[in-house]
$ cat start-v9.cif   # mmCIF, C-alpha atoms
data_model
loop_
_atom_site.label_atom_id
_atom_site.label_comp_id
_atom_site.auth_asym_id
_atom_site.auth_seq_id
_atom_site.Cartn_x
_atom_site.Cartn_y
_atom_site.Cartn_z
CA MET A 1 -41.01 13.25 -19.89
CA ALA A 2 -40.58 10.23 -17.64
CA GLU A 3 -38.32 10.56 -14.65
CA PRO A 4 -35.23 8.35 -14.80
CA LEU A 5 -35.37 5.65 -12.19
CA GLY A 6 -32.05 5.43 -10.39
CA ASN A 7 -31.09 1.79 -10.56
CA HIS A 8 -29.17 1.75 -7.28
CA SER A 9 -31.75 3.50 -5.09
CA SER A 10 -35.35 3.30 -6.37
CA LEU A 11 -35.15 0.45 -8.89
CA SER A 12 -35.87 -2.81 -7.08
CA SER A 13 -37.62 -5.02 -9.65
CA PHE A 14 -38.64 -5.53 -13.26
CA ILE A 15 -41.82 -6.96 -14.79
CA LEU A 16 -41.44 -9.95 -17.11
CA ALA A 17 -44.01 -10.03 -19.92
CA GLY A 18 -43.73 -13.82 -20.03
CA LEU A 19 -43.58 -16.38 -22.80
CA PHE A 20 -47.30 -16.73 -23.51
CA SER A 21 -49.81 -14.23 -24.89
CA HIS A 22 -52.99 -15.07 -22.90
CA SER A 23 -54.45 -17.35 -25.57
CA PRO A 24 -56.66 -20.44 -24.96
CA TYR A 25 -53.67 -22.62 -25.84
CA ASP A 26 -51.35 -21.25 -23.14
CA SER A 27 -51.76 -24.28 -20.87
CA PHE A 28 -50.97 -26.66 -23.71
CA PHE A 29 -47.83 -24.75 -24.74
CA PHE A 30 -46.79 -24.45 -21.10
CA SER A 31 -47.08 -28.25 -20.75
CA LEU A 32 -44.82 -28.69 -23.79
CA VAL A 33 -42.24 -26.35 -22.27
CA LEU A 34 -42.34 -28.26 -18.98
CA LEU A 35 -41.92 -31.59 -20.81
CA ALA A 36 -38.93 -30.23 -22.73
CA PHE A 37 -37.46 -28.82 -19.52
CA GLY A 38 -37.94 -32.14 -17.72
CA ALA A 39 -36.34 -34.03 -20.62
CA ALA A 40 -33.38 -31.63 -20.62
CA VAL A 41 -32.82 -31.95 -16.87
CA VAL A 42 -33.23 -35.75 -16.76
CA GLY A 43 -31.16 -36.31 -19.91
CA ASN A 44 -28.22 -34.18 -18.80
CA ILE A 45 -28.20 -35.50 -15.21
CA LEU A 46 -28.34 -39.08 -16.52
CA LEU A 47 -25.44 -38.38 -18.89
CA LEU A 48 -23.40 -36.92 -16.01
CA MET A 49 -24.16 -40.00 -13.89
CA LEU A 50 -23.10 -42.35 -16.71
CA ILE A 51 -19.82 -40.50 -17.26
CA GLN A 52 -19.09 -40.56 -13.54
CA ALA A 53 -20.04 -44.23 -13.03
CA ASP A 54 -18.41 -45.90 -16.04
CA ARG A 55 -14.59 -45.96 -16.13
CA ARG A 56 -14.63 -46.39 -19.92
CA LEU A 57 -16.03 -42.87 -20.14
CA HIS A 58 -13.23 -41.34 -18.05
CA THR A 59 -11.59 -39.81 -21.11
CA PRO A 60 -11.03 -36.20 -22.23
CA MET A 61 -13.93 -36.32 -24.73
CA TYR A 62 -16.43 -37.31 -22.04
CA PHE A 63 -14.93 -34.92 -19.53
CA PHE A 64 -15.68 -32.07 -21.95
CA LEU A 65 -19.11 -33.57 -22.62
CA SER A 66 -19.82 -33.50 -18.87
CA GLN A 67 -18.94 -29.79 -18.87
CA LEU A 68 -21.38 -29.27 -21.74
CA SER A 69 -24.11 -31.01 -19.73
CA ILE A 70 -23.40 -28.77 -16.71
CA MET A 71 -23.66 -25.72 -18.98
CA ASP A 72 -26.96 -26.93 -20.45
CA LEU A 73 -28.38 -27.60 -16.97
CA THR A 74 -27.27 -24.15 -15.80
CA MET A 75 -28.86 -22.46 -18.81
CA THR A 76 -32.26 -24.15 -18.66
CA CYS A 77 -32.50 -24.05 -14.83
CA THR A 78 -31.73 -20.31 -14.87
CA VAL A 79 -34.57 -19.53 -17.27
CA VAL A 80 -37.44 -22.03 -17.01
CA PRO A 81 -38.22 -22.28 -13.24
CA LYS A 82 -38.82 -18.52 -12.88
CA MET A 83 -40.92 -18.43 -16.05
CA ALA A 84 -42.97 -21.42 -14.80
CA THR A 85 -43.42 -19.90 -11.34
CA ASN A 86 -44.69 -16.63 -12.80
CA PHE A 87 -47.08 -18.45 -15.16
CA LEU A 88 -48.58 -20.63 -12.40
CA SER A 89 -48.83 -17.83 -9.81
CA GLY A 90 -49.97 -15.13 -12.21
CA GLY A 91 -47.12 -12.89 -11.04
CA LYS A 92 -44.70 -11.09 -13.29
CA LEU A 93 -42.17 -9.45 -10.99
CA ILE A 94 -38.49 -10.36 -10.87
CA SER A 95 -36.18 -8.70 -8.36
CA LEU A 96 -33.17 -6.68 -9.42
CA GLY A 97 -30.91 -9.40 -8.00
CA GLY A 98 -32.86 -12.12 -9.79
CA CYS A 99 -32.66 -10.23 -13.06
CA ALA A 100 -28.90 -9.67 -12.68
CA SER A 101 -28.44 -13.37 -11.84
CA GLN A 102 -30.29 -14.45 -14.98
CA ILE A 103 -28.14 -12.21 -17.17
CA PHE A 104 -24.96 -13.38 -15.42
CA PHE A 105 -25.64 -17.11 -15.82
CA VAL A 106 -27.12 -16.93 -19.34
CA VAL A 107 -24.22 -14.86 -20.70
CA THR A 108 -21.63 -16.93 -18.81
CA VAL A 109 -22.96 -20.21 -20.20
CA GLY A 110 -23.51 -18.78 -23.69
CA GLY A 111 -19.91 -17.59 -23.94
CA ALA A 112 -18.44 -20.64 -22.21
CA GLU A 113 -20.26 -23.00 -24.57
CA CYS A 114 -18.78 -21.20 -27.60
CA PHE A 115 -15.27 -21.81 -26.28
CA LEU A 116 -16.01 -25.35 -25.07
CA LEU A 117 -17.31 -26.47 -28.47
CA ALA A 118 -14.04 -25.22 -30.00
CA VAL A 119 -12.09 -27.14 -27.32
CA MET A 120 -14.09 -30.29 -28.07
CA ALA A 121 -13.30 -29.93 -31.79
CA TYR A 122 -9.60 -29.51 -30.98
CA ASP A 123 -9.78 -32.61 -28.78
CA ARG A 124 -11.19 -34.65 -31.69
CA TYR A 125 -8.48 -33.25 -33.98
CA MET A 126 -5.76 -34.36 -31.57
CA ALA A 127 -7.36 -37.80 -31.07
CA VAL A 128 -7.75 -38.55 -34.78
CA CYS A 129 -4.76 -36.75 -36.32
CA HIS A 130 -2.17 -37.28 -33.53
CA PRO A 131 -3.24 -40.48 -31.72
CA LEU A 132 0.24 -41.30 -30.38
CA ARG A 133 0.75 -37.85 -28.82
CA TYR A 134 -2.89 -37.51 -27.71
CA PRO A 135 -2.56 -39.03 -24.18
CA VAL A 136 0.40 -36.75 -23.44
CA LEU A 137 -0.96 -33.52 -24.90
CA MET A 138 -4.54 -33.95 -23.66
CA ASN A 139 -3.73 -35.01 -20.10
CA TRP A 140 -6.04 -34.20 -17.19
CA LYS A 141 -4.15 -31.01 -16.34
CA ALA A 142 -4.53 -29.71 -19.90
CA CYS A 143 -8.20 -30.72 -20.04
CA SER A 144 -8.95 -29.02 -16.72
CA PHE A 145 -7.19 -25.86 -17.88
CA LEU A 146 -9.13 -25.76 -21.17
CA ALA A 147 -12.47 -26.31 -19.40
CA MET A 148 -11.68 -23.65 -16.79
CA ALA A 149 -10.59 -21.21 -19.51
CA SER A 150 -13.93 -21.74 -21.28
CA TRP A 151 -15.87 -20.96 -18.09
CA MET A 152 -13.70 -17.94 -17.27
CA GLY A 153 -14.07 -16.52 -20.80
CA GLY A 154 -17.86 -16.61 -20.52
CA MET A 155 -17.77 -15.27 -16.97
CA ALA A 156 -15.59 -12.28 -17.90
CA ASP A 157 -18.10 -11.30 -20.59
CA SER A 158 -21.06 -11.67 -18.21
CA VAL A 159 -19.49 -9.55 -15.45
CA ILE A 160 -19.01 -6.70 -17.93
CA ASP A 161 -22.55 -7.06 -19.30
CA VAL A 162 -24.19 -7.06 -15.84
CA GLY A 163 -22.10 -4.10 -14.66
CA VAL A 164 -22.86 -1.94 -17.70
CA VAL A 165 -26.55 -2.87 -18.10
CA PHE A 166 -27.36 -1.89 -14.52
CA SER A 167 -25.37 1.33 -14.75
CA PHE A 168 -27.96 2.77 -17.18
CA PRO A 169 -30.99 4.72 -15.89
CA TYR A 170 -34.42 3.25 -16.63
CA CYS A 171 -37.53 5.31 -17.35
CA GLY A 172 -41.28 4.82 -17.34
CA SER A 173 -42.38 1.24 -17.88
CA LEU A 174 -40.14 -1.45 -16.42
CA GLU A 175 -41.89 -4.29 -18.31
CA VAL A 176 -39.30 -6.47 -20.00
CA ASP A 177 -40.83 -7.78 -23.23
CA HIS A 178 -39.36 -11.26 -22.70
CA PHE A 179 -39.80 -14.32 -20.47
CA PHE A 180 -36.46 -13.76 -18.72
CA CYS A 181 -33.95 -10.94 -18.29
CA GLU A 182 -31.83 -10.70 -21.43
CA VAL A 183 -29.50 -7.80 -22.19
CA PRO A 184 -31.14 -6.49 -25.42
CA ALA A 185 -34.62 -6.60 -23.82
CA LEU A 186 -33.43 -4.50 -20.86
CA LEU A 187 -31.57 -1.99 -23.03
CA ARG A 188 -34.86 -1.16 -24.80
CA LEU A 189 -36.17 0.19 -21.47
CA SER A 190 -33.25 2.52 -20.78
CA CYS A 191 -33.74 6.26 -21.24
CA ALA A 192 -30.01 6.69 -21.94
CA ASP A 193 -28.25 6.31 -25.28
CA THR A 194 -27.14 2.67 -25.29
CA SER A 195 -26.03 2.54 -28.95
CA LEU A 196 -22.30 2.45 -28.12
CA PHE A 197 -22.77 -0.46 -25.72
CA GLU A 198 -24.99 -2.26 -28.24
CA ASP A 199 -22.24 -1.88 -30.87
CA LEU A 200 -19.73 -3.25 -28.36
CA ILE A 201 -21.99 -6.24 -27.62
CA TYR A 202 -22.33 -6.89 -31.34
CA ALA A 203 -18.53 -6.79 -31.84
CA CYS A 204 -17.96 -9.13 -28.86
CA CYS A 205 -20.60 -11.56 -30.15
CA VAL A 206 -18.99 -11.63 -33.60
CA VAL A 207 -15.59 -12.38 -32.07
CA MET A 208 -16.88 -14.95 -29.53
CA LEU A 209 -18.92 -16.78 -32.17
CA LEU A 210 -16.70 -16.61 -35.25
CA LEU A 211 -13.28 -17.27 -33.67
CA PRO A 212 -14.36 -20.56 -32.02
CA LEU A 213 -16.27 -21.44 -35.20
CA GLY A 214 -13.04 -20.94 -37.14
CA VAL A 215 -11.25 -23.37 -34.79
CA ILE A 216 -14.09 -25.90 -35.20
CA VAL A 217 -14.06 -25.70 -39.01
CA ALA A 218 -10.25 -25.94 -39.20
CA SER A 219 -10.16 -28.88 -36.76
CA TYR A 220 -12.81 -30.88 -38.59
CA ALA A 221 -11.31 -30.14 -41.98
CA ARG A 222 -8.10 -31.79 -40.76
CA VAL A 223 -10.05 -34.63 -39.12
CA LEU A 224 -11.98 -35.33 -42.33
CA ALA A 225 -8.80 -35.35 -44.39
CA THR A 226 -7.19 -37.82 -41.96
CA VAL A 227 -10.28 -40.07 -41.78
CA MET A 228 -10.46 -40.33 -45.58
CA ARG A 229 -6.90 -41.72 -45.60
CA MET A 230 -7.64 -44.40 -42.98
CA PRO A 231 -7.32 -47.96 -44.35
CA SER A 232 -9.79 -49.43 -41.84
CA THR A 233 -13.50 -49.06 -42.60
CA GLU A 234 -14.33 -49.65 -38.93
CA GLY A 235 -11.92 -46.90 -37.86
CA LYS A 236 -13.45 -44.50 -40.37
CA GLN A 237 -16.97 -45.27 -39.16
CA LYS A 238 -16.10 -44.84 -35.48
CA ALA A 239 -14.34 -41.50 -36.08
CA LEU A 240 -17.13 -40.18 -38.28
CA THR A 241 -19.87 -41.26 -35.83
CA THR A 242 -18.16 -39.50 -32.91
CA CYS A 243 -17.44 -36.36 -34.93
CA SER A 244 -20.93 -36.23 -36.47
CA SER A 245 -22.48 -36.15 -32.98
CA HIS A 246 -20.33 -33.17 -32.06
CA LEU A 247 -21.06 -31.44 -35.36
CA ALA A 248 -24.81 -31.89 -34.76
CA VAL A 249 -24.42 -30.18 -31.36
CA VAL A 250 -22.35 -27.41 -32.98
CA GLY A 251 -25.07 -26.92 -35.60
CA LEU A 252 -27.80 -26.71 -32.95
CA TYR A 253 -25.88 -24.25 -30.80
CA TYR A 254 -24.52 -22.00 -33.53
CA GLY A 255 -27.83 -22.01 -35.40
CA GLY A 256 -29.57 -20.50 -32.40
CA ALA A 257 -26.65 -18.28 -31.37
CA ILE A 258 -26.19 -16.68 -34.79
CA PHE A 259 -29.89 -15.81 -35.05
CA SER A 260 -29.84 -14.55 -31.43
CA TYR A 261 -26.70 -12.44 -31.34
CA MET A 262 -25.48 -11.68 -34.86
CA PRO A 263 -28.35 -9.37 -35.99
CA ARG A 264 -27.83 -5.68 -35.24
CA ALA A 265 -29.96 -4.17 -32.45
CA SER A 266 -32.10 -2.30 -34.99
CA ALA A 267 -33.03 -5.58 -36.72
CA ARG A 268 -34.10 -7.41 -33.55
CA THR A 269 -37.73 -7.77 -32.47
CA PRO A 270 -39.17 -8.98 -29.10
CA LEU A 271 -40.96 -11.87 -30.85
CA GLY A 272 -37.78 -12.93 -32.63
CA ASP A 273 -35.78 -12.71 -29.39
CA ARG A 274 -38.30 -14.94 -27.61
CA ALA A 275 -38.25 -17.53 -30.40
CA THR A 276 -34.45 -17.82 -30.50
CA SER A 277 -34.24 -17.79 -26.69
CA ILE A 278 -36.59 -20.80 -26.49
CA PHE A 279 -34.27 -22.58 -28.89
CA TYR A 280 -31.00 -22.09 -26.97
CA SER A 281 -32.42 -22.19 -23.42
CA ILE A 282 -34.81 -25.17 -23.74
CA VAL A 283 -34.55 -27.00 -27.08
CA THR A 284 -30.76 -27.28 -27.34
CA PRO A 285 -30.27 -28.54 -23.72
CA MET A 286 -32.95 -31.17 -24.41
CA PHE A 287 -31.39 -32.47 -27.63
CA ASN A 288 -27.68 -32.45 -26.69
CA PRO A 289 -27.74 -35.55 -24.42
CA LEU A 290 -29.98 -37.37 -26.94
CA ILE A 291 -27.55 -36.71 -29.78
CA TYR A 292 -24.59 -38.04 -27.81
CA SER A 293 -26.39 -41.05 -26.35
CA LEU A 294 -28.34 -42.34 -29.35
CA ARG A 295 -25.37 -42.18 -31.73
CA ASN A 296 -22.69 -43.37 -29.31
CA ARG A 297 -22.14 -47.05 -28.56
CA GLU A 298 -20.03 -46.34 -25.46
CA VAL A 299 -22.80 -44.25 -23.88
CA THR A 300 -25.58 -46.72 -24.78
CA SER A 301 -23.43 -49.57 -23.42
CA ALA A 302 -22.86 -47.66 -20.17
CA LEU A 303 -26.64 -46.98 -19.94
CA LYS A 304 -27.46 -50.69 -20.38
CA LYS A 305 -24.89 -51.56 -17.73
CA MET A 306 -26.41 -49.05 -15.29
CA LEU A 307 -29.96 -50.30 -15.95
CA GLU A 308 -28.85 -53.90 -15.36
CA ARG A 309 -27.23 -52.82 -12.07
CA TRP A 310 -30.56 -51.27 -11.04
CA GLY A 311 -32.39 -54.49 -12.01
CA MET A 312 -34.28 -52.92 -14.91
#
$ encode --input "start-v9.cif" --output "structure tokens"
Amino acid sequence: MAEPLGNHSSLSSFILAGLFSHSPYDSFFFSLVLLAFGAAVVGNILLLMLIQADRRLHTPMYFFLSQLSIMDLTMTCTVVPKMATNFLSGGKLISLGGCASQIFFVVTVGGAECFLLAVMAYDRYMAVCHPLRYPVLMNWKACSFLAMASWMGGMADSVIDVGVVFSFPYCGSLEVDHFFCEVPALLRLSCADTSLFEDLIYACCVVMLLLPLGVIVASYARVLATVMRMPSTEGKQKALTTCSSHLAVVGLYYGGAIFSYMPRASARTPLGDRATSIFYSIVTPMFNPLIYSLRNREVTSALKKMLERWGM
């Protein structure tokens, strides 16, 4: 029987299996990942710059959108650089601190984004259904509080996850069958009974996904009912365009999150975990700024203004 490896004394690193399976197409797939990563970083940084530079975008909706861009940047920059470094160097090791950091930031951002998407839906509900009270109720103090609460909710979950995961003993092989440190992948290596903690994670994921989703559905049901009663066709179109962009982001995020976190531990596979992780750590951060910029006249107008200022 393998000796348990005490995680505070003798455990100093894990081995990441990586994203690729040593096939002739690894370099091609790696190039695609790097392109998606570059697009995600450039797109989100550009969106942040536009929101900061253009006064017309200094509104609650774009403030929350800037928080979403920060979350997307945090997620993809936590995962991809280490994976790319290991692929290019041929190494597979990740330190205990590096592994804990990846879990902390990925879980923080994952939880915070759940809450933030619900906040963004509530913001649209207030803007469309209560336009006269909107500037008073969604003032900068309220917006800052809601954004901070989203971050703190995700952070509280991540602190618990990191603390509990690294309290378990680990035996034998320390090869994490993943391209970054994720909680379920690490729990498979533990020689202790982790079933109670896995059940707790499942319950927390259900609550953190379904409660915000309930707020989103209720908010947009009210928004849709209000929009249908609007006499102005232009007003309807503007409201629907803005809300459809947010709903597309919600669909992207919740599609990946439900497949990642809703299945029970017994139904999860390493291959399935890798596939869904690519989706929420690389694909979603790449598409979010595109969705908001291509379908939003205010953002495209701000982009044109910035390009003209740069002489392009």
$ residues_around --input "start-v9.cif" --residues "Glu298 (chain A)" --least-positions-apart "5" --cutoff "12 Å" --atoms "only C-alpha atoms" --output "MDAnalysis selection string"
chainID A and resid 47 50:51 54:59 61:62 238 241:242 292:293 303:305
$ resolve_selection --input "start-v9.cif" --expression "the PyMOL selection byres ((chain A and resi 73) around 10)" --output "number ranges by chain"
A: 37, 40-45, 67-72, 74-78, 109, 281-282, 285-286
$ atom_distance --input "start-v9.cif" --atom1 "CA of Pro270 (chain A)" --atom2 "CA of Ala185 (chain A)"
7.4 Å
$ residues_near_point --input "start-v9.cif" --point "(-15.6, -19.7, -33.2)" --cutoff "12 Å" --atoms "only C-alpha atoms" --output "PyMOL selection string"
chain A and resi 111-122+204-219+250+253-254+257-258
$ residues_around --input "start-v9.cif" --residues "His178 (chain A)" --least-positions-apart "5" --cutoff "12 Å" --atoms "all atoms listed in the file" --output "PDB file with C-alpha atoms, in the coordinates of the input"
ATOM      1  CA  PHE A  14     -38.640  -5.530 -13.260  1.00  0.00           C
ATOM      2  CA  ILE A  15     -41.820  -6.960 -14.790  1.00  0.00           C
ATOM      3  CA  LEU A  16     -41.440  -9.950 -17.110  1.00  0.00           C
ATOM      4  CA  ALA A  17     -44.010 -10.030 -19.920  1.00  0.00           C
ATOM      5  CA  GLY A  18     -43.730 -13.820 -20.030  1.00  0.00           C
ATOM      6  CA  LEU A  19     -43.580 -16.380 -22.800  1.00  0.00           C
ATOM      7  CA  PHE A  20     -47.300 -16.730 -23.510  1.00  0.00           C
ATOM      8  CA  SER A  21     -49.810 -14.230 -24.890  1.00  0.00           C
ATOM      9  CA  VAL A  79     -34.570 -19.530 -17.270  1.00  0.00           C
ATOM     10  CA  MET A  83     -40.920 -18.430 -16.050  1.00  0.00           C
ATOM     11  CA  LYS A  92     -44.700 -11.090 -13.290  1.00  0.00           C
ATOM     12  CA  ILE A  94     -38.490 -10.360 -10.870  1.00  0.00           C
ATOM     13  CA  CYS A  99     -32.660 -10.230 -13.060  1.00  0.00           C
ATOM     14  CA  VAL A 183     -29.500  -7.800 -22.190  1.00  0.00           C
ATOM     15  CA  PRO A 184     -31.140  -6.490 -25.420  1.00  0.00           C
ATOM     16  CA  ALA A 185     -34.620  -6.600 -23.820  1.00  0.00           C
ATOM     17  CA  LEU A 186     -33.430  -4.500 -20.860  1.00  0.00           C
ATOM     18  CA  ARG A 188     -34.860  -1.160 -24.800  1.00  0.00           C
ATOM     19  CA  LEU A 189     -36.170   0.190 -21.470  1.00  0.00           C
ATOM     20  CA  THR A 269     -37.730  -7.770 -32.470  1.00  0.00           C
ATOM     21  CA  PRO A 270     -39.170  -8.980 -29.100  1.00  0.00           C
ATOM     22  CA  LEU A 271     -40.960 -11.870 -30.850  1.00  0.00           C
ATOM     23  CA  GLY A 272     -37.780 -12.930 -32.630  1.00  0.00           C
ATOM     24  CA  ASP A 273     -35.780 -12.710 -29.390  1.00  0.00           C
ATOM     25  CA  ARG A 274     -38.300 -14.940 -27.610  1.00  0.00           C
ATOM     26  CA  ALA A 275     -38.250 -17.530 -30.400  1.00  0.00           C
ATOM     27  CA  THR A 276     -34.450 -17.820 -30.500  1.00  0.00           C
ATOM     28  CA  SER A 277     -34.240 -17.790 -26.690  1.00  0.00           C
ATOM     29  CA  ILE A 278     -36.590 -20.800 -26.490  1.00  0.00           C
TER      30      ILE A 278
END
$ build_atoms --input "start-v9.cif" --residues "region 190-199 of chain A" --atoms "all heavy atoms" --output "CSV table (one decimal), keeping the file's coordinate frame"
chain,number,residue,atom,x,y,z
A,190,SER,N,-34.1,1.4,-21.3
A,190,SER,CA,-33.2,2.5,-20.8
A,190,SER,C,-33.6,3.8,-21.5
A,190,SER,O,-33.9,3.9,-22.7
A,190,SER,CB,-31.8,2.2,-21.0
A,190,SER,OG,-31.0,3.2,-20.6
A,191,CYS,N,-33.5,4.9,-20.7
A,191,CYS,CA,-33.7,6.3,-21.2
A,191,CYS,C,-32.4,6.9,-21.6
A,191,CYS,O,-32.4,8.1,-22.0
A,191,CYS,CB,-34.5,7.1,-20.3
A,191,CYS,SG,-33.8,7.2,-18.6
A,192,ALA,N,-31.3,6.2,-21.5
A,192,ALA,CA,-30.0,6.7,-21.9
A,192,ALA,C,-29.7,6.2,-23.3
A,192,ALA,O,-30.3,5.2,-23.8
A,192,ALA,CB,-28.9,6.3,-21.0
A,193,ASP,N,-28.7,6.8,-24.0
A,193,ASP,CA,-28.2,6.3,-25.3
A,193,ASP,C,-27.4,5.1,-25.1
A,193,ASP,O,-26.3,5.2,-24.6
A,193,ASP,CB,-27.5,7.4,-26.0
A,193,ASP,CG,-27.0,7.0,-27.4
A,193,ASP,OD1,-27.4,5.9,-27.8
A,193,ASP,OD2,-26.2,7.7,-28.0
A,194,THR,N,-27.9,3.9,-25.5
A,194,THR,CA,-27.1,2.7,-25.3
A,194,THR,C,-26.5,2.2,-26.6
A,194,THR,O,-26.0,1.0,-26.6
A,194,THR,CB,-28.1,1.6,-24.8
A,194,THR,OG1,-29.1,1.3,-25.7
A,194,THR,CG2,-28.7,2.0,-23.4
A,195,SER,N,-26.5,3.0,-27.6
A,195,SER,CA,-26.0,2.5,-29.0
A,195,SER,C,-24.6,2.1,-28.9
A,195,SER,O,-24.2,1.1,-29.6
A,195,SER,CB,-26.3,3.6,-30.0
A,195,SER,OG,-25.6,4.8,-29.6
A,196,LEU,N,-23.7,2.8,-28.2
A,196,LEU,CA,-22.3,2.4,-28.1
A,196,LEU,C,-22.1,1.1,-27.5
A,196,LEU,O,-21.3,0.2,-28.0
A,196,LEU,CB,-21.5,3.5,-27.3
A,196,LEU,CG,-20.0,3.3,-27.2
A,196,LEU,CD1,-19.4,3.2,-28.6
A,196,LEU,CD2,-19.3,4.4,-26.4
A,197,PHE,N,-22.9,0.8,-26.4
A,197,PHE,CA,-22.8,-0.5,-25.7
A,197,PHE,C,-23.3,-1.6,-26.6
A,197,PHE,O,-22.8,-2.7,-26.6
A,197,PHE,CB,-23.5,-0.4,-24.4
A,197,PHE,CG,-23.4,-1.7,-23.6
A,197,PHE,CD1,-22.2,-2.3,-23.3
A,197,PHE,CD2,-24.6,-2.3,-23.2
A,197,PHE,CE1,-22.2,-3.5,-22.6
A,197,PHE,CE2,-24.6,-3.5,-22.4
A,197,PHE,CZ,-23.3,-4.1,-22.2
A,198,GLU,N,-24.4,-1.3,-27.3
A,198,GLU,CA,-25.0,-2.3,-28.2
A,198,GLU,C,-24.0,-2.6,-29.4
A,198,GLU,O,-23.9,-3.8,-29.8
A,198,GLU,CB,-26.3,-1.7,-28.8
A,198,GLU,CG,-27.4,-1.7,-27.8
A,198,GLU,CD,-28.7,-1.0,-28.3
A,198,GLU,OE1,-28.7,-0.6,-29.5
A,198,GLU,OE2,-29.6,-0.8,-27.6
A,199,ASP,N,-23.3,-1.6,-29.9
A,199,ASP,CA,-22.2,-1.9,-30.9
A,199,ASP,C,-21.1,-2.7,-30.3
A,199,ASP,O,-20.6,-3.6,-31.0
A,199,ASP,CB,-21.7,-0.6,-31.4
A,199,ASP,CG,-22.7,0.2,-32.3
A,199,ASP,OD1,-23.6,-0.4,-32.8
A,199,ASP,OD2,-22.5,1.4,-32.5
